[in-house]
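Working notes, beginning with the structure itself.
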Amino acid sequence: MTIRDPDRPPTPSTGPVRPTPLSERSLAPDLARGMMLLLIALAHVPYFLYTAQAGTVGVHPVEGGAADRIAQAFTLIVVDARVYTMFGFLFAYGIGQMYARQTARGADAVQTRRLLRRRHLWMIVFGAVHALLLWQGDIIGMYGLIGLVMVPLFFHRSDRTLKVWIGVLLGLAALVSLAGALATTDAGGAVAAEVQRASIAEPSYPVSAAVRLPVWVVQTITGIAQGALPAAFLMGVLAARHRLLDEPGRHLVLLRRLALWGIAAGWTTGAVLALQHTTSLEFGPVSVLTGVHFVAGIFTGVGYAALFGLVAHRLSGRAAATARPVRWIGALGRRSMSGYLAQSLVWGPVLAAWGLGLGTHLSSWSVSLLAVVTWAATVAGAAVLERSGRRGPAEVLLRKLTYRPARRRG
């Protein structure tokens with residue numbers, strides 16, 4: 001069902017707005033979220049190699065054996081600058097699904113937007129707590145903030161308006177990347193990497209917390225101001241209106257084009273960066289290559305989501321759709337916030353200097369292996385919860401706060 005026309009009078013609500021049952025969720029978005037968490041794990045763990053000398057490309061070490069170089073190349077090509085736009089697309093898609101279901105059940109637009117506003121405000125709180133306690137790279141608060149801003153501005157707009165603004169925001173992202181590339185030297189990129197690792201390398205937990213929170217605030221605001229994430233968000237809103245992932249069979253041509261060209265664009269720029277980082281080849285200033293890589297990553301993130309829509313379509317109606325790996329990854333996708341937070345319970349306490357400090361003993365390949373093992377453990381945990389019909393603990397708490405009964409005004 002498409003999102004209700006905002007110009008059509010709303011159907012009066014007959015009761016309190018309630019959460020969507022797990023049984024009503026579509027396979028493709030949850031499968032994509034579950035796999036996305038693997039990419040998030042691989043994207044985050046290089047930060048925790050806090051004693052290794054970072055190169056000019058992200059936070060990847062300048063030294064390493066063949067296995068390390070393979071891990072670095074894979075991350076640069078497949079992961080870096082892709083995950084947060086994929087998550088932004090899927091986050092907006094989920095909001096679109098939620099909006100459509102609530103209005104279909106009788107909740108009017110004002111009531112549903114009020115519900116979303118409360119949900120996004122609590123996500124910002126969740127993100128701040130997560131950043132303070134464990135990880136300055138938190139993205140929950142960032143997506144809460146973008147939802148708080150973008151829903152009232154764009155959810156009632158026409159498809160044409162959304163497409164125009166997507167183009168504007170993509171242009172803004174390209175300009176910001178170009179300006180950043182011209183203003184940043186390769187040495188400046190290395191300094192930025194050290195700033196990112198400051199709280200991780202800090203042996204005092206209270207001091208590390210004091211470093212993490214302000215860095216998270218700055219990253220949250222600048223991450224939205226760059227334009228890439230709002231563009232991916234509006235793409236997700238538009239895709240949800242037309243049920244791109246809920247009904248992939250109706251959109252196979254578009255999904256194939258998005259997957260093919262989006263992934264090809266990102267992997268090409270990633271391969272150039274990977275070659276420059278892992279070999280003696282040089283293709284140009286790293287800052288410029290990184291800027292191009294960043295812009296291409298917007299389309300790659302959406303391409304990944306489209307790819308999982310195609311996978312879900314291929315599995316629909318077949319025995320493979322009920323295979324355990326598919327069910328388990330989808331179960332993690334239905335508990336993506338809990339899975340995401342569970343990763344931080346490993347990264348900080350196990351790898352950081354204020355924890356066990358194992359990050360100083362690992363290299364690119366071994367820390368990537370830890371990321372895969374950690375993700376697999378969250379898949380197993382989600383499967384256990386799925387079997388018992390329980391949501392993830394973070395989802396339970398957020399839903400209780402979001403769907404709490406409104407207080408009667410006296």
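In the structure tokens, chains take the letters A, B, ... in the order shown, each chain's residues start at 1, and ligands count up from 1 in the order shown.
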
Item to check | Residue neighbourhood A:Trp216, 7 Å, only C-alpha atoms, exclusion window fewer than 5 positions, as a VMD selection string | outcome: chain A and resid 131 136 to 137

Next on the checklist: as a ChimeraX atom specification, please: every residue in stretch 180-353 of chain A that a backbone DSSP assignment puts in helix (DSSP H, G or I).
Outcome noted: /A:180-183,186-197,205-225,228-241,248-278,286-315,319-322,324-333,336-351

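Using only C-alpha atoms, the shortest contact distance between A:Val57 and any of A:Ala274, A:Ala296, A:Ala198, A:Met337 is found at A:Ala274.
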
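You can rank A:Ala240, A:Ala67, A:Leu255, A:Ala92 by their closest distance to A:His120 using only C-alpha atoms, and at the top of that list sits A:Ala92.
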
Item to check | Contacts of A:Arg241 at 12 Å (only C-alpha atoms; same-chain gap of 2+ positions) as a ChimeraX atom specification | outcome: /A:1-6,92-101,155-159,162,234-239,243-247

Item to check | Spatial neighbours of A:Val302, max dist 10 Å, only C-alpha atoms, sep filter under 6 positions, as a list in words | outcome: Arg82, Val83, Thr85, Met86, Phe87, Gly88, Phe89, Leu90, Ala232, Met235, Gly236, Leu255, Leu258, Ala259, Gly262 and Ile263 of chain A
